[in-house]
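Engineer: Let me give you the structure first, and then I'll get to my questions.
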Amino acid sequence: MPKIRLNPPELFPSERYGFSQIVVAQGRKTAYLSGQVGCDEQLRMVDLHDLGAQARKALENIETAMRAAGGTRDDIVSLRIYIAGESIKNTAAVTEALTGFFHPERLPATSWIGVAALARPEFLIEIEAVAVLE
């Protein structure tokens, strides 16, 4: 299903940070992905101290989940990104991961939320996704 991304000039230009201000979508099936972190299926972390590496791995995990749901990263309409502790000061690493993952014309709407901690102390970032399929 087509998704329309809107970035009105009255709002700041978010595309350079890897997300759209608004996504309008319609489809027959919606997928709600649990938060993904920077570890593999054995809970092995990619890098305990690298926010960018954990963000990239979390996005790879989202792509794996999307395939299991019958979709692709282009079907994602919304992300909620939780960044733990002092890592919130390194948003450039998250921007780089997002802009490297999403096509510039298919950026999801996104919220970035700084939190004190996540489920495990080694998790620096957790990313939830919503997708509209078909």
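Residues are named by chain letter and number: chains run A, B, ... in the order of the structure tokens, numbers start at 1 in each chain, and ligands are numbered from 1 in the order shown.
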DSSP on the backbone, then: every residue of region 13-60 of chain A marked strand (DSSP E or B), written as a PyMOL selection string.
Structural biologist: chain A and resi 20+22-25+29-36+39+45
Engineer: Give one line per residue of region 40-128 of chain A that approaches region 6-16 of chain A to at most 12 Å, naming the two atoms of the closest pair and their distance in Å to one decimal, counting only C-alpha atoms; sort by chain then ascending residue number and deliver it as a Markdown table.
Structural biologist:
```
| residue | atom | partner | partner_atom | distance |
| --- | --- | --- | --- | --- |
| A:Val77 | CA | A:Leu6 | CA | 11.6 |
| A:Ala92 | CA | A:Arg16 | CA | 10.7 |
| A:Val94 | CA | A:Arg16 | CA | 11.7 |
| A:Thr95 | CA | A:Arg16 | CA | 8.0 |
| A:Glu96 | CA | A:Arg16 | CA | 9.5 |
| A:Ala97 | CA | A:Arg16 | CA | 11.8 |
| A:Leu98 | CA | A:Arg16 | CA | 9.7 |
| A:Thr99 | CA | A:Arg16 | CA | 7.6 |
| A:Gly100 | CA | A:Arg16 | CA | 11.2 |
| A:Phe102 | CA | A:Glu15 | CA | 10.5 |
| A:His103 | CA | A:Glu15 | CA | 10.4 |
| A:Pro104 | CA | A:Glu15 | CA | 7.2 |
| A:Glu105 | CA | A:Glu15 | CA | 8.7 |
| A:Arg106 | CA | A:Glu15 | CA | 9.8 |
| A:Leu107 | CA | A:Glu15 | CA | 7.3 |
| A:Pro108 | CA | A:Glu15 | CA | 9.6 |
| A:Ala109 | CA | A:Leu6 | CA | 9.3 |
| A:Thr110 | CA | A:Ser14 | CA | 9.5 |
| A:Ser111 | CA | A:Ser14 | CA | 11.1 |
```
Engineer: Those same residues - all heavy atoms - I'd like them written as a short mmCIF file (atom, residue, chain, number, x, y, z; two decimals), in the first residue's frame.
Structural biologist:
```cif
data_model
loop_
_atom_site.label_atom_id
_atom_site.label_comp_id
_atom_site.auth_asym_id
_atom_site.auth_seq_id
_atom_site.Cartn_x
_atom_site.Cartn_y
_atom_site.Cartn_z
N VAL A 77 6.20 2.57 9.22
CA VAL A 77 5.64 3.92 9.21
C VAL A 77 6.02 4.71 10.46
O VAL A 77 5.91 5.94 10.47
CB VAL A 77 4.10 3.90 9.04
CG1 VAL A 77 3.72 3.31 7.69
CG2 VAL A 77 3.41 3.17 10.17
N ALA A 92 24.15 11.69 16.98
CA ALA A 92 24.71 11.60 15.63
C ALA A 92 24.86 10.14 15.20
O ALA A 92 24.64 9.80 14.03
CB ALA A 92 26.05 12.32 15.55
N VAL A 94 22.94 7.66 16.05
CA VAL A 94 21.61 7.16 15.71
C VAL A 94 21.17 7.71 14.36
O VAL A 94 20.64 6.98 13.52
CB VAL A 94 20.59 7.50 16.82
CG1 VAL A 94 19.20 7.02 16.46
CG2 VAL A 94 21.04 6.90 18.16
N THR A 95 21.40 8.99 14.14
CA THR A 95 21.09 9.60 12.84
C THR A 95 21.80 8.85 11.72
O THR A 95 21.20 8.53 10.69
CB THR A 95 21.50 11.08 12.83
OG1 THR A 95 20.70 11.79 13.77
CG2 THR A 95 21.32 11.70 11.46
N GLU A 96 23.08 8.55 11.90
CA GLU A 96 23.85 7.84 10.89
C GLU A 96 23.26 6.45 10.62
O GLU A 96 23.15 6.03 9.46
CB GLU A 96 25.30 7.72 11.33
CG GLU A 96 26.20 7.09 10.29
CD GLU A 96 27.65 7.05 10.75
OE1 GLU A 96 28.12 8.03 11.35
OE2 GLU A 96 28.29 6.02 10.50
N ALA A 97 22.86 5.77 11.67
CA ALA A 97 22.25 4.43 11.50
C ALA A 97 20.94 4.54 10.74
O ALA A 97 20.67 3.75 9.83
CB ALA A 97 22.04 3.78 12.86
N LEU A 98 20.11 5.51 11.08
CA LEU A 98 18.81 5.67 10.41
C LEU A 98 18.97 6.04 8.95
O LEU A 98 18.31 5.47 8.08
CB LEU A 98 17.97 6.73 11.13
CG LEU A 98 17.46 6.39 12.51
CD1 LEU A 98 16.81 7.61 13.15
CD2 LEU A 98 16.50 5.21 12.48
N THR A 99 19.84 7.01 8.67
CA THR A 99 20.00 7.45 7.28
C THR A 99 20.67 6.37 6.43
O THR A 99 20.46 6.34 5.22
CB THR A 99 20.77 8.77 7.18
OG1 THR A 99 22.04 8.63 7.82
CG2 THR A 99 19.99 9.92 7.83
N GLY A 100 21.44 5.49 7.05
CA GLY A 100 22.04 4.39 6.32
C GLY A 100 21.08 3.23 6.09
O GLY A 100 21.29 2.41 5.20
N PHE A 102 17.32 3.51 6.04
CA PHE A 102 16.11 3.85 5.29
C PHE A 102 16.42 4.61 4.02
O PHE A 102 17.34 5.44 3.98
CB PHE A 102 15.16 4.70 6.15
CG PHE A 102 14.53 3.93 7.26
CD1 PHE A 102 14.95 4.10 8.56
CD2 PHE A 102 13.50 3.03 7.01
CE1 PHE A 102 14.37 3.38 9.60
CE2 PHE A 102 12.91 2.31 8.04
CZ PHE A 102 13.36 2.49 9.34
N HIS A 103 15.64 4.35 2.98
CA HIS A 103 15.71 5.13 1.75
C HIS A 103 15.26 6.55 2.08
O HIS A 103 14.30 6.74 2.81
CB HIS A 103 14.79 4.49 0.69
CG HIS A 103 14.90 5.13 -0.65
ND1 HIS A 103 14.30 6.32 -0.95
CD2 HIS A 103 15.55 4.74 -1.76
CE1 HIS A 103 14.56 6.65 -2.19
NE2 HIS A 103 15.32 5.70 -2.71
N PRO A 104 15.94 7.57 1.55
CA PRO A 104 15.60 8.95 1.90
C PRO A 104 14.15 9.36 1.59
O PRO A 104 13.64 10.30 2.19
CB PRO A 104 16.58 9.80 1.08
CG PRO A 104 17.53 8.88 0.45
CD PRO A 104 17.06 7.48 0.63
N GLU A 105 13.50 8.65 0.70
CA GLU A 105 12.10 8.98 0.38
C GLU A 105 11.12 8.08 1.12
O GLU A 105 9.92 8.16 0.89
CB GLU A 105 11.88 8.90 -1.12
CG GLU A 105 12.66 9.96 -1.88
CD GLU A 105 12.49 9.86 -3.38
OE1 GLU A 105 11.65 9.07 -3.85
OE2 GLU A 105 13.20 10.60 -4.08
N ARG A 106 11.62 7.22 2.02
CA ARG A 106 10.75 6.29 2.75
C ARG A 106 11.03 6.33 4.25
O ARG A 106 11.05 5.30 4.91
CB ARG A 106 10.92 4.88 2.20
CG ARG A 106 10.48 4.76 0.75
CD ARG A 106 10.59 3.33 0.25
NE ARG A 106 10.33 3.28 -1.17
CZ ARG A 106 11.27 3.30 -2.11
NH1 ARG A 106 12.53 3.37 -1.78
NH2 ARG A 106 10.95 3.25 -3.38
N LEU A 107 11.26 7.51 4.78
CA LEU A 107 11.59 7.66 6.19
C LEU A 107 10.34 7.58 7.06
O LEU A 107 9.34 8.22 6.78
CB LEU A 107 12.29 9.00 6.41
CG LEU A 107 13.59 9.22 5.64
CD1 LEU A 107 14.07 10.65 5.81
CD2 LEU A 107 14.64 8.22 6.09
N PRO A 108 10.40 6.80 8.14
CA PRO A 108 9.24 6.70 9.04
C PRO A 108 9.14 7.92 9.95
O PRO A 108 10.11 8.65 10.15
CB PRO A 108 9.56 5.45 9.86
CG PRO A 108 11.05 5.41 9.89
CD PRO A 108 11.49 5.94 8.55
N ALA A 109 7.96 8.12 10.51
CA ALA A 109 7.79 9.08 11.59
C ALA A 109 8.51 8.48 12.80
O ALA A 109 8.49 7.27 12.99
CB ALA A 109 6.31 9.30 11.88
N THR A 110 9.14 9.33 13.61
CA THR A 110 9.99 8.79 14.67
C THR A 110 9.98 9.68 15.91
O THR A 110 9.96 10.89 15.80
CB THR A 110 11.45 8.66 14.17
OG1 THR A 110 11.45 7.84 13.00
CG2 THR A 110 12.36 8.05 15.20
N SER A 111 10.00 9.03 17.07
CA SER A 111 10.20 9.72 18.35
C SER A 111 11.46 9.17 18.99
O SER A 111 11.69 7.97 18.98
CB SER A 111 9.01 9.48 19.29
OG SER A 111 7.85 10.06 18.79
#
```
Engineer: For a quick check of understanding, using only C-alpha atoms, which of A:Pro121, A:Pro2, A:Gly85, A:Gly114 has the smallest distance to Arg28 (chain A)?
Structural biologist: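 Checking each of A:Pro121, A:Pro2, A:Gly85, A:Gly114 against Arg28 (chain A), counting only C-alpha atoms, the winner is A:Pro2.
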Engineer: Name all residues at most 9 Å from Ile125 (chain A) (count only C-alpha atoms; drop same-chain ones fewer than 4 positions away) and give them as a list in words.
Structural biologist: Gln36, Val37, Gly38, Leu51, Gln54, Ala55, Ala58, Ile81, Tyr82, Ile83, Ala84, Ser87 and Leu118 of chain A
Engineer: For those residues, write N, CA, C and O atoms to a file as a CSV table (one decimal), in the first residue's frame.
Structural biologist:
```csv
chain,number,residue,atom,x,y,z
A,36,GLN,N,13.6,-3.7,19.6
A,36,GLN,CA,14.8,-4.5,19.2
A,36,GLN,C,16.0,-3.8,19.7
A,36,GLN,O,16.1,-2.6,19.8
A,37,VAL,N,17.0,-4.6,20.1
A,37,VAL,CA,18.2,-4.1,20.7
A,37,VAL,C,19.4,-4.6,19.9
A,37,VAL,O,19.2,-5.4,18.9
A,38,GLY,N,20.6,-4.2,20.3
A,38,GLY,CA,21.8,-4.5,19.5
A,38,GLY,C,22.4,-5.9,19.9
A,38,GLY,O,23.6,-6.0,20.2
A,51,LEU,N,27.1,3.0,20.6
A,51,LEU,CA,25.7,3.3,20.3
A,51,LEU,C,25.3,3.1,18.9
A,51,LEU,O,24.3,2.5,18.5
A,54,GLN,N,25.1,-0.7,18.1
A,54,GLN,CA,23.9,-1.2,18.6
A,54,GLN,C,22.7,-0.8,17.9
A,54,GLN,O,21.8,-1.5,17.6
A,55,ALA,N,22.7,0.5,17.4
A,55,ALA,CA,21.5,1.0,16.6
A,55,ALA,C,21.5,0.3,15.3
A,55,ALA,O,20.4,-0.2,14.9
A,58,ALA,N,20.1,-3.2,16.0
A,58,ALA,CA,18.7,-3.2,16.3
A,58,ALA,C,17.9,-3.0,15.0
A,58,ALA,O,16.8,-3.7,14.8
A,81,ILE,N,12.3,5.3,19.5
A,81,ILE,CA,13.7,5.0,19.8
A,81,ILE,C,13.9,5.4,21.3
A,81,ILE,O,13.8,6.5,21.6
A,82,TYR,N,14.3,4.4,22.1
A,82,TYR,CA,14.7,4.6,23.5
A,82,TYR,C,16.2,4.6,23.6
A,82,TYR,O,16.8,3.6,23.2
A,83,ILE,N,16.8,5.7,24.1
A,83,ILE,CA,18.3,5.7,24.3
A,83,ILE,C,18.6,5.9,25.7
A,83,ILE,O,18.1,6.8,26.4
A,84,ALA,N,19.4,5.0,26.2
A,84,ALA,CA,19.7,4.9,27.7
A,84,ALA,C,20.8,5.9,28.1
A,84,ALA,O,21.8,6.0,27.5
A,87,SER,N,24.1,8.0,26.8
A,87,SER,CA,24.2,7.8,25.3
A,87,SER,C,23.3,8.8,24.5
A,87,SER,O,23.5,9.0,23.3
A,118,LEU,N,17.5,0.6,30.2
A,118,LEU,CA,16.7,-0.3,29.5
A,118,LEU,C,16.7,-1.7,30.2
A,118,LEU,O,17.2,-1.7,31.3
```
Engineer: Please report the interatomic distance between CA of Ser78 (chain A) and CA of Asp50 (chain A) in Å with one decimal.
Structural biologist: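 Separation of CA of Ser78 (chain A) and CA of Asp50 (chain A): 23.9 Å.
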Engineer: Do a neighbour search on Glu41 (chain A) at 12 Å with only C-alpha atoms, toss out local chain neighbours closer than 4 positions, and write the hits as a VMD selection string.
Structural biologist: chain A and resid 36 to 37 45 to 46 57 to 58 60 to 61 64 to 65
Engineer: Just all heavy atoms for this one: save the residues we selected as a tab-separated table (two decimals), in the first residue's frame.
Structural biologist:
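Output contents, as saved in part.tsv:
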```
chain	number	residue	atom	x	y	z
A	36	GLN	N	13.61	-3.71	19.60
A	36	GLN	CA	14.79	-4.49	19.21
A	36	GLN	C	16.04	-3.79	19.73
A	36	GLN	O	16.11	-2.56	19.75
A	36	GLN	CB	14.85	-4.65	17.69
A	36	GLN	CG	13.66	-5.40	17.12
A	36	GLN	CD	13.58	-6.83	17.63
A	36	GLN	OE1	14.57	-7.56	17.65
A	36	GLN	NE2	12.38	-7.23	18.05
A	37	VAL	N	17.00	-4.60	20.14
A	37	VAL	CA	18.24	-4.08	20.70
A	37	VAL	C	19.42	-4.59	19.88
A	37	VAL	O	19.25	-5.35	18.93
A	37	VAL	CB	18.38	-4.46	22.19
A	37	VAL	CG1	17.27	-3.81	23.02
A	37	VAL	CG2	18.36	-5.98	22.37
A	45	MET	N	25.85	-9.26	22.50
A	45	MET	CA	25.86	-7.86	22.09
A	45	MET	C	26.89	-7.62	20.99
A	45	MET	O	27.96	-8.23	21.00
A	45	MET	CB	26.21	-6.96	23.29
A	45	MET	CG	25.19	-7.00	24.40
A	45	MET	SD	23.52	-6.51	23.88
A	45	MET	CE	23.79	-4.83	23.37
A	46	VAL	N	26.57	-6.70	20.07
A	46	VAL	CA	27.52	-6.36	19.01
A	46	VAL	C	28.68	-5.56	19.57
A	46	VAL	O	29.81	-5.78	19.19
A	46	VAL	CB	26.85	-5.60	17.85
A	46	VAL	CG1	25.92	-6.51	17.08
A	46	VAL	CG2	26.14	-4.36	18.30
A	57	LYS	N	22.53	-2.76	14.59
A	57	LYS	CA	22.09	-4.14	14.84
A	57	LYS	C	20.60	-4.18	15.18
A	57	LYS	O	19.87	-5.07	14.73
A	57	LYS	CB	22.92	-4.77	15.96
A	57	LYS	CG	22.52	-6.21	16.27
A	57	LYS	CD	22.70	-7.12	15.05
A	57	LYS	CE	22.35	-8.55	15.41
A	57	LYS	NZ	22.23	-9.41	14.23
A	58	ALA	N	20.12	-3.22	15.96
A	58	ALA	CA	18.69	-3.16	16.26
A	58	ALA	C	17.87	-3.00	14.99
A	58	ALA	O	16.84	-3.65	14.81
A	58	ALA	CB	18.40	-2.02	17.24
A	60	GLU	N	18.86	-3.95	11.95
A	60	GLU	CA	18.93	-5.25	11.26
A	60	GLU	C	17.91	-6.23	11.84
A	60	GLU	O	17.26	-6.99	11.11
A	60	GLU	CB	20.34	-5.84	11.38
A	60	GLU	CG	21.39	-5.12	10.58
A	60	GLU	CD	22.80	-5.64	10.88
A	60	GLU	OE1	22.93	-6.75	11.47
A	60	GLU	OE2	23.76	-4.93	10.54
A	61	ASN	N	17.79	-6.23	13.17
A	61	ASN	CA	16.80	-7.11	13.82
A	61	ASN	C	15.38	-6.72	13.42
A	61	ASN	O	14.53	-7.59	13.22
A	61	ASN	CB	16.97	-7.07	15.33
A	61	ASN	CG	18.25	-7.74	15.80
A	61	ASN	OD1	18.87	-8.50	15.07
A	61	ASN	ND2	18.65	-7.42	17.02
A	64	THR	N	14.77	-8.20	10.05
A	64	THR	CA	14.48	-9.63	10.19
A	64	THR	C	13.03	-9.85	10.62
A	64	THR	O	12.33	-10.70	10.07
A	64	THR	CB	15.44	-10.28	11.21
A	64	THR	OG1	16.78	-10.15	10.72
A	64	THR	CG2	15.12	-11.74	11.45
A	65	ALA	N	12.59	-9.08	11.60
A	65	ALA	CA	11.20	-9.18	12.07
A	65	ALA	C	10.22	-8.80	10.96
A	65	ALA	O	9.17	-9.45	10.81
A	65	ALA	CB	10.99	-8.29	13.29
```
Engineer: A:Val115, A:Ala31, A:Ala53, A:Ile127: which is nearest Asp75 (chain A), counting only C-alpha atoms?
Structural biologist: A:Ala31
Engineer: Measure the distance from CA of Ala131 (chain A) to CA of Asn90 (chain A) in Å and round it to one decimal.
Structural biologist: 26.6 Å
Engineer: Pick out each residue of chain A that DSSP on the backbone tags as helix (DSSP H, G or I); I need them as a ChimeraX atom specification.
Structural biologist: /A:14-17,51-69,73-75,85-101
Engineer: Considering only C-alpha atoms, state which residue in the set A:Asp40, A:Tyr32, A:Phe19, A:Ile88 is at the smallest distance from Met66 (chain A).
Structural biologist: A:Tyr32
